Amino acid sequence: MRKKLLSLILLLATVTSLAIPAAAVSVSAESAIVLEATTGCVVYEKDADTRRPMASTTKIMTALVALESGDTTRTVSVAGDAVGVEGSSVYLETGDTLSLDDLVWALMLESANDAAAAIAIAVAGSVDAFADMMNAKAAELGLENTHFTNPHGLHNDDHYTTARDLARLAAYALQNPRFREIVSTYRHNITFGDETRCLLNHNKMLKLYDGAIGVKTGYTKRSGRCLVSAAERDGVMLVAVTLNAPDDWNDHREMLDAGFGALETRELIRAGESVFIMPCIGSEKQDVTIRNRDGLTVCVPTGTAEITRRTELPHYFWAPLNEGDVVGRIVFECEGKVIGEVPLYVDETVERIEYKQGLLERIFG
């Protein structure tokens, strides 16, 4: 099973963010949160763990499961059970053929409920089976207060999430390049049969907010206005969520502004920057090259004090060693707290020399 969201920060470098002072924000939403996407550190929250209906923000998970299901260029024939679903629609008809990828575009830009049902049936065989896949993914990501009964978000008492879970889901989904491309696009054409349709993204944040990259709107009478937004500036990516927010566009602008004002990025080390020539007993060269392969950039509160580093390596090594072996690490600390680390790798394969007995006696006495 994949690691949970907050352990998927960087491929081979570990980051632990410093605590971020809560921002002073006032929002109309019943539940709200804004967090930094790579570390999950929260800038602001309001009743973020109360379970609430999520309306069409459900489709974040629908799109993610579809995109992770395999070849999305495969052709899908629209099932009759996907036609005529209430709410937003692209007016699919039974037997229409289009790619799974185009269905995801319709799902996320036009918030099409018929596209959601068509995706579910194409991927899992039925809406109920697809909901099981959605719940399995939620469990994998550690979203303990989220449960799905359908792929579109039409009301069901057992269909719910929290602002915190929804923000964590969006942060994870944005790691998928195709998902990010789709939700950040304002206009896109899809083709099925002989017809081409122009899709327009309902997310006004793409035009209202500098640096916006998505993510999804939602509304039902039971849920009220729901919105998940994301924006990126100067290497800082924020995700904001509001549930039942009458003034959601302004809520998100205020929340994101507060987040960007509270955070900055620092490049702690570049890939390959630190090189160590270490003694290697039992090798022909008598030394071995050690280096970091991964860079590390962290997100910290604005004005954070000096960040220090320490190198953890043994004093010497014994041959043989294989290229790529992890033999140490560089650890970064701030205010007495570890905020990140990168592994140190053997840069070359080092073979062991078999010494004759007399030579060993001269070396070791």
# chains A, B, ... in the order shown; residues from 1 in each chain; ligands from 1

call {"tool": "select_by_dssp", "arguments": {"residues": "segment 68-179 of chain A", "states": "strand (DSSP E or B)", "output": "list in words"}}
result
Thr75, Val76, Ser77, Thr97, Leu98, Ser99, His147, Tyr160 and Thr161 of chain A

call {"tool": "write_last_selection", "arguments": {"atoms": "all heavy atoms", "output": "tab-separated table (two decimals), in the first residue's frame"}}
result
chain	number	residue	atom	x	y	z
A	75	THR	N	-11.27	3.96	-25.25
A	75	THR	CA	-12.61	4.42	-25.63
A	75	THR	C	-13.66	3.83	-24.71
A	75	THR	O	-13.62	2.64	-24.38
A	75	THR	CB	-12.91	4.03	-27.08
A	75	THR	OG1	-11.96	4.66	-27.94
A	75	THR	CG2	-14.31	4.48	-27.48
A	76	VAL	N	-14.60	4.67	-24.31
A	76	VAL	CA	-15.68	4.27	-23.42
A	76	VAL	C	-17.00	4.43	-24.18
A	76	VAL	O	-17.23	5.45	-24.84
A	76	VAL	CB	-15.70	5.15	-22.15
A	76	VAL	CG1	-16.96	4.90	-21.34
A	76	VAL	CG2	-14.45	4.89	-21.32
A	77	SER	N	-17.86	3.43	-24.07
A	77	SER	CA	-19.22	3.52	-24.60
A	77	SER	C	-20.15	3.85	-23.44
A	77	SER	O	-20.19	3.13	-22.43
A	77	SER	CB	-19.64	2.20	-25.26
A	77	SER	OG	-20.96	2.29	-25.77
A	97	THR	N	-19.61	7.33	-27.77
A	97	THR	CA	-18.25	6.84	-27.52
A	97	THR	C	-17.29	8.00	-27.42
A	97	THR	O	-17.30	8.90	-28.26
A	97	THR	CB	-17.79	5.88	-28.64
A	97	THR	OG1	-17.87	6.55	-29.90
A	97	THR	CG2	-18.65	4.63	-28.67
A	98	LEU	N	-16.47	7.98	-26.39
A	98	LEU	CA	-15.44	8.99	-26.18
A	98	LEU	C	-14.41	8.40	-25.23
A	98	LEU	O	-14.63	7.35	-24.62
A	98	LEU	CB	-16.01	10.29	-25.64
A	98	LEU	CG	-16.66	10.33	-24.26
A	98	LEU	CD1	-16.85	11.78	-23.82
A	98	LEU	CD2	-18.01	9.63	-24.24
A	99	SER	N	-13.27	9.04	-25.13
A	99	SER	CA	-12.21	8.51	-24.29
A	99	SER	C	-12.53	8.75	-22.81
A	99	SER	O	-13.26	9.68	-22.46
A	99	SER	CB	-10.87	9.14	-24.63
A	99	SER	OG	-10.85	10.50	-24.24
A	147	HIS	N	-16.45	9.54	3.43
A	147	HIS	CA	-17.12	8.34	2.90
A	147	HIS	C	-17.91	8.73	1.66
A	147	HIS	O	-18.57	9.77	1.63
A	147	HIS	CB	-18.05	7.72	3.94
A	147	HIS	CG	-18.61	6.40	3.50
A	147	HIS	ND1	-19.86	6.28	2.92
A	147	HIS	CD2	-18.08	5.15	3.53
A	147	HIS	CE1	-20.07	5.01	2.61
A	147	HIS	NE2	-19.02	4.30	2.98
A	160	TYR	N	-20.03	12.02	2.80
A	160	TYR	CA	-19.57	13.17	3.58
A	160	TYR	C	-18.06	13.24	3.58
A	160	TYR	O	-17.35	12.29	3.25
A	160	TYR	CB	-20.09	13.07	5.02
A	160	TYR	CG	-19.72	11.77	5.71
A	160	TYR	CD1	-18.44	11.56	6.24
A	160	TYR	CD2	-20.66	10.75	5.84
A	160	TYR	CE1	-18.10	10.38	6.86
A	160	TYR	CE2	-20.33	9.56	6.46
A	160	TYR	CZ	-19.06	9.37	6.97
A	160	TYR	OH	-18.72	8.18	7.58
A	161	THR	N	-17.57	14.40	4.01
A	161	THR	CA	-16.14	14.61	4.22
A	161	THR	C	-15.98	15.72	5.25
A	161	THR	O	-16.96	16.21	5.82
A	161	THR	CB	-15.42	14.95	2.91
A	161	THR	OG1	-14.00	14.90	3.12
A	161	THR	CG2	-15.79	16.35	2.41

call {"tool": "residues_around", "arguments": {"residues": "Leu321 of chain A", "least_positions_apart": "5", "cutoff": "7 Å", "atoms": "only C-alpha atoms", "output": "MDAnalysis selection string"}}
result
chainID A and resid 349:351

call {"tool": "residues_around", "arguments": {"residues": "Arg197 of chain A", "least_positions_apart": "3", "cutoff": "9 Å", "atoms": "only C-alpha atoms", "output": "PyMOL selection string"}}
result
chain A and resi 90+188-192

call {"tool": "select_by_dssp", "arguments": {"residues": "segment 71-305 of chain A", "states": "helix (DSSP H, G or I)", "output": "MDAnalysis selection string"}}
result
chainID A and resid 80:82 100:109 113:124 127:140 163:173 177:183 205:208 248:262

call {"tool": "residues_around", "arguments": {"residues": "Pro177 of chain A", "least_positions_apart": "3", "cutoff": "12 Å", "atoms": "only C-alpha atoms", "output": "number ranges by chain"}}
result
A: 64, 67-68, 172-174, 180-184, 213

call {"tool": "write_last_selection", "arguments": {"atoms": "N, CA, C and O atoms", "output": "CSV table (one decimal), in the first residue's frame"}}
result
chain,number,residue,atom,x,y,z
A,64,LEU,N,-9.5,11.4,-9.7
A,64,LEU,CA,-8.2,10.7,-9.3
A,64,LEU,C,-8.3,9.2,-9.5
A,64,LEU,O,-7.4,8.6,-10.1
A,67,LEU,N,-8.1,8.5,-13.3
A,67,LEU,CA,-6.8,8.7,-13.8
A,67,LEU,C,-5.8,7.7,-13.4
A,67,LEU,O,-4.8,7.4,-14.1
A,68,GLU,N,-6.0,7.1,-12.2
A,68,GLU,CA,-5.1,6.0,-11.7
A,68,GLU,C,-5.6,4.6,-12.1
A,68,GLU,O,-4.9,3.7,-11.8
A,172,TYR,N,-3.0,15.8,-2.5
A,172,TYR,CA,-2.5,14.5,-3.1
A,172,TYR,C,-2.8,14.5,-4.6
A,172,TYR,O,-1.9,14.1,-5.4
A,173,ALA,N,-4.0,14.8,-5.0
A,173,ALA,CA,-4.4,14.7,-6.4
A,173,ALA,C,-3.6,15.6,-7.2
A,173,ALA,O,-3.3,15.3,-8.4
A,174,LEU,N,-3.2,16.8,-6.7
A,174,LEU,CA,-2.4,17.7,-7.5
A,174,LEU,C,-1.0,17.2,-7.8
A,174,LEU,O,-0.3,17.8,-8.6
A,180,ARG,N,-3.6,17.9,-12.4
A,180,ARG,CA,-3.3,19.3,-12.3
A,180,ARG,C,-3.6,20.0,-13.6
A,180,ARG,O,-4.1,21.1,-13.6
A,181,GLU,N,-3.2,19.4,-14.7
A,181,GLU,CA,-3.5,20.1,-16.0
A,181,GLU,C,-4.9,20.3,-16.2
A,181,GLU,O,-5.4,21.4,-16.7
A,182,ILE,N,-5.8,19.3,-15.9
A,182,ILE,CA,-7.2,19.4,-16.2
A,182,ILE,C,-7.8,20.5,-15.3
A,182,ILE,O,-8.5,21.4,-15.8
A,183,VAL,N,-7.6,20.5,-14.0
A,183,VAL,CA,-8.3,21.4,-13.1
A,183,VAL,C,-7.8,22.8,-13.3
A,183,VAL,O,-8.5,23.8,-12.9
A,184,SER,N,-6.6,23.0,-13.9
A,184,SER,CA,-6.1,24.4,-14.1
A,184,SER,C,-6.4,25.0,-15.4
A,184,SER,O,-6.0,26.1,-15.7
A,213,ILE,N,-4.5,27.4,-9.5
A,213,ILE,CA,-4.3,26.2,-10.3
A,213,ILE,C,-5.4,25.2,-10.2
A,213,ILE,O,-5.3,24.1,-10.6

call {"tool": "closest_residue", "arguments": {"among": "A:Cys280, A:Ala116, A:Ala139, A:Val239", "to": "Val215 of chain A", "atoms": "only C-alpha atoms"}}
result
A:Val239

call {"tool": "residues_around", "arguments": {"residues": "segment 23-35 of chain A", "least_positions_apart": "3", "cutoff": "6 Å", "atoms": "only C-alpha atoms", "output": "ChimeraX atom specification"}}
result
/A:40-48,163,238-245,247,251

call {"tool": "atom_distance", "arguments": {"atom1": "atom CA of Met54 of chain A", "atom2": "atom CA of Asn145 of chain A"}}
result
12.0 Å

call {"tool": "residues_around", "arguments": {"residues": "Asp71 of chain A", "least_positions_apart": "5", "cutoff": "10 Å", "atoms": "only C-alpha atoms", "output": "number ranges by chain"}}
result
A: 66, 99-101

call {"tool": "closest_residue", "arguments": {"among": "A:Glu144, A:Ala79, A:Thr38, A:Cys226", "to": "Thr265 of chain A", "atoms": "only C-alpha atoms"}}
result
A:Thr38

call {"tool": "residues_around", "arguments": {"residues": "segment 288-303 of chain A", "least_positions_apart": "5", "cutoff": "8 Å", "atoms": "only C-alpha atoms", "output": "mmCIF file with N, CA and C atoms, in the first residue's frame"}}
result
data_model
loop_
_atom_site.group_PDB
_atom_site.id
_atom_site.type_symbol
_atom_site.label_atom_id
_atom_site.label_comp_id
_atom_site.auth_asym_id
_atom_site.auth_seq_id
_atom_site.Cartn_x
_atom_site.Cartn_y
_atom_site.Cartn_z
ATOM 1 N N LEU A 12 12.862 11.292 -2.240
ATOM 2 C CA LEU A 12 13.883 10.667 -1.411
ATOM 3 C C LEU A 12 14.392 11.603 -0.326
ATOM 4 N N ALA A 13 13.752 12.726 -0.147
ATOM 5 C CA ALA A 13 14.136 13.657 0.902
ATOM 6 C C ALA A 13 12.974 13.805 1.870
ATOM 7 N N VAL A 15 10.860 15.902 4.814
ATOM 8 C CA VAL A 15 10.595 17.256 5.277
ATOM 9 C C VAL A 15 9.634 17.201 6.446
ATOM 10 N N SER A 17 7.722 20.200 8.574
ATOM 11 C CA SER A 17 7.597 21.650 8.606
ATOM 12 C C SER A 17 7.497 22.171 10.032
ATOM 13 N N LEU A 18 7.960 23.388 10.214
ATOM 14 C CA LEU A 18 7.785 24.072 11.483
ATOM 15 C C LEU A 18 6.333 24.470 11.673
ATOM 16 N N ALA A 19 5.941 24.658 12.899
ATOM 17 C CA ALA A 19 4.577 25.100 13.177
ATOM 18 C C ALA A 19 4.362 26.500 12.608
ATOM 19 N N ILE A 20 3.199 26.707 12.032
ATOM 20 C CA ILE A 20 2.871 27.997 11.424
ATOM 21 C C ILE A 20 1.850 28.699 12.306
ATOM 22 N N PRO A 21 2.131 29.928 12.749
ATOM 23 C CA PRO A 21 1.157 30.645 13.561
ATOM 24 C C PRO A 21 -0.157 30.810 12.797
ATOM 25 N N GLU A 36 -0.510 24.201 3.522
ATOM 26 C CA GLU A 36 0.584 24.120 2.564
ATOM 27 C C GLU A 36 0.617 22.699 2.016
ATOM 28 N N THR A 39 3.692 19.800 2.844
ATOM 29 C CA THR A 39 3.896 19.365 4.222
ATOM 30 C C THR A 39 2.595 19.125 4.968
ATOM 31 N N VAL A 236 5.616 28.101 -3.226
ATOM 32 C CA VAL A 236 4.681 27.738 -2.166
ATOM 33 C C VAL A 236 3.350 27.366 -2.804
ATOM 34 N N GLY A 261 1.178 35.152 2.821
ATOM 35 C CA GLY A 261 1.852 36.105 3.690
ATOM 36 C C GLY A 261 2.595 35.441 4.838
ATOM 37 N N ALA A 262 2.173 34.225 5.183
ATOM 38 C CA ALA A 262 2.743 33.544 6.353
ATOM 39 C C ALA A 262 3.893 32.612 6.010
ATOM 40 N N LEU A 263 4.105 32.315 4.706
ATOM 41 C CA LEU A 263 5.035 31.260 4.327
ATOM 42 C C LEU A 263 6.063 31.717 3.307
ATOM 43 N N GLU A 264 7.201 31.037 3.304
ATOM 44 C CA GLU A 264 8.210 31.222 2.279
ATOM 45 C C GLU A 264 8.942 29.897 2.073
ATOM 46 N N THR A 265 9.620 29.758 0.933
ATOM 47 C CA THR A 265 10.406 28.548 0.693
ATOM 48 C C THR A 265 11.889 28.854 0.859
ATOM 49 N N ARG A 266 12.616 27.838 1.305
ATOM 50 C CA ARG A 266 14.071 27.933 1.414
ATOM 51 C C ARG A 266 14.692 26.698 0.763
ATOM 52 N N GLU A 267 15.624 26.913 -0.155
ATOM 53 C CA GLU A 267 16.379 25.807 -0.730
ATOM 54 C C GLU A 267 17.516 25.477 0.219
ATOM 55 N N LEU A 268 17.469 24.301 0.822
ATOM 56 C CA LEU A 268 18.470 23.915 1.809
ATOM 57 C C LEU A 268 19.687 23.261 1.180
ATOM 58 N N ILE A 269 19.481 22.538 0.082
ATOM 59 C CA ILE A 269 20.609 21.873 -0.571
ATOM 60 C C ILE A 269 20.213 21.538 -2.007
ATOM 61 N N ARG A 270 21.159 21.644 -2.917
ATOM 62 C CA ARG A 270 20.927 21.264 -4.313
ATOM 63 C C ARG A 270 21.372 19.822 -4.540
ATOM 64 N N ALA A 271 20.797 19.185 -5.533
ATOM 65 C CA ALA A 271 21.184 17.810 -5.861
ATOM 66 C C ALA A 271 22.673 17.755 -6.196
ATOM 67 N N GLY A 272 23.402 16.838 -5.559
ATOM 68 C CA GLY A 272 24.821 16.658 -5.826
ATOM 69 C C GLY A 272 25.725 17.712 -5.246
ATOM 70 N N GLU A 273 25.207 18.551 -4.390
ATOM 71 C CA GLU A 273 25.990 19.682 -3.871
ATOM 72 C C GLU A 273 27.072 19.262 -2.887
ATOM 73 N N SER A 274 26.772 18.291 -2.040
ATOM 74 C CA SER A 274 27.713 17.902 -0.987
ATOM 75 C C SER A 274 28.425 16.616 -1.368
ATOM 76 N N VAL A 275 29.769 16.685 -1.453
ATOM 77 C CA VAL A 275 30.591 15.538 -1.852
ATOM 78 C C VAL A 275 31.621 15.276 -0.740
ATOM 79 N N PHE A 276 31.768 14.008 -0.376
ATOM 80 C CA PHE A 276 32.699 13.618 0.672
ATOM 81 C C PHE A 276 33.611 12.505 0.133
ATOM 82 N N ILE A 277 34.906 12.659 0.318
ATOM 83 C CA ILE A 277 35.861 11.603 -0.012
ATOM 84 C C ILE A 277 36.234 10.933 1.306
ATOM 85 N N MET A 278 35.798 9.677 1.484
ATOM 86 C CA MET A 278 35.932 8.999 2.769
ATOM 87 C C MET A 278 36.889 7.808 2.654
ATOM 88 N N PRO A 279 37.655 7.522 3.728
ATOM 89 C CA PRO A 279 38.514 6.340 3.720
ATOM 90 C C PRO A 279 37.689 5.071 3.529
ATOM 91 N N CYS A 280 38.204 4.170 2.720
ATOM 92 C CA CYS A 280 37.524 2.890 2.477
ATOM 93 C C CYS A 280 38.562 1.776 2.590
ATOM 94 N N ILE A 339 13.827 19.724 10.500
ATOM 95 C CA ILE A 339 12.834 20.124 9.506
ATOM 96 C C ILE A 339 13.035 19.441 8.156
ATOM 97 N N GLY A 340 14.089 18.648 8.035
ATOM 98 C CA GLY A 340 14.292 17.925 6.781
ATOM 99 C C GLY A 340 15.603 17.178 6.772
ATOM 100 N N GLU A 341 15.713 16.230 5.853
ATOM 101 C CA GLU A 341 16.963 15.486 5.697
ATOM 102 C C GLU A 341 17.056 14.944 4.282
ATOM 103 N N VAL A 342 18.289 14.702 3.834
ATOM 104 C CA VAL A 342 18.523 14.038 2.551
ATOM 105 C C VAL A 342 19.507 12.900 2.786
ATOM 106 N N PRO A 343 19.319 11.775 2.099
ATOM 107 C CA PRO A 343 20.254 10.655 2.238
ATOM 108 C C PRO A 343 21.552 10.918 1.502
ATOM 109 N N LEU A 344 22.608 10.257 1.944
ATOM 110 C CA LEU A 344 23.916 10.292 1.288
ATOM 111 C C LEU A 344 24.196 8.927 0.672
ATOM 112 N N TYR A 345 24.611 8.942 -0.590
ATOM 113 C CA TYR A 345 24.777 7.717 -1.366
ATOM 114 C C TYR A 345 26.243 7.464 -1.713
ATOM 115 N N VAL A 346 26.585 6.190 -1.823
ATOM 116 C CA VAL A 346 27.867 5.806 -2.409
ATOM 117 C C VAL A 346 27.813 6.138 -3.891
ATOM 118 N N ASP A 347 28.830 6.852 -4.373
ATOM 119 C CA ASP A 347 28.806 7.374 -5.739
ATOM 120 C C ASP A 347 29.437 6.429 -6.754
ATOM 121 N N GLU A 348 30.046 5.338 -6.260
ATOM 122 C CA GLU A 348 30.765 4.419 -7.149
ATOM 123 C C GLU A 348 30.844 3.056 -6.499
ATOM 124 N N VAL A 350 32.784 -0.016 -5.232
ATOM 125 C CA VAL A 350 34.148 -0.241 -4.744
ATOM 126 C C VAL A 350 34.295 -1.725 -4.423
#

call {"tool": "closest_atom_pairs", "arguments": {"of": "segment 70-179 of chain A", "to": "segment 201-207 of chain A", "cutoff": "10 Å", "atoms": "only C-alpha atoms", "output": "CSV"}}
result
residue,atom,partner,partner_atom,distance
A:Trp105,CA,A:Asn201,CA,9.3
A:Ala106,CA,A:Asn201,CA,9.2
A:Leu107,CA,A:Asn201,CA,10.0
A:Met108,CA,A:Asn201,CA,7.4
A:Leu109,CA,A:Asn201,CA,4.0
A:Glu110,CA,A:Asn201,CA,6.0
A:Ser111,CA,A:His202,CA,7.8

call {"tool": "closest_residue", "arguments": {"among": "A:Ala115, A:Val123, A:Ala55, A:Ala63", "to": "Ala82 of chain A", "atoms": "only C-alpha atoms"}}
result
A:Ala115

call {"tool": "atom_distance", "arguments": {"atom1": "atom CA of Asp257 of chain A", "atom2": "atom CA of Ala171 of chain A"}}
result
17.9 Å

call {"tool": "atom_distance", "arguments": {"atom1": "atom CA of Thr196 of chain A", "atom2": "atom CA of Gly125 of chain A"}}
result
26.7 Å
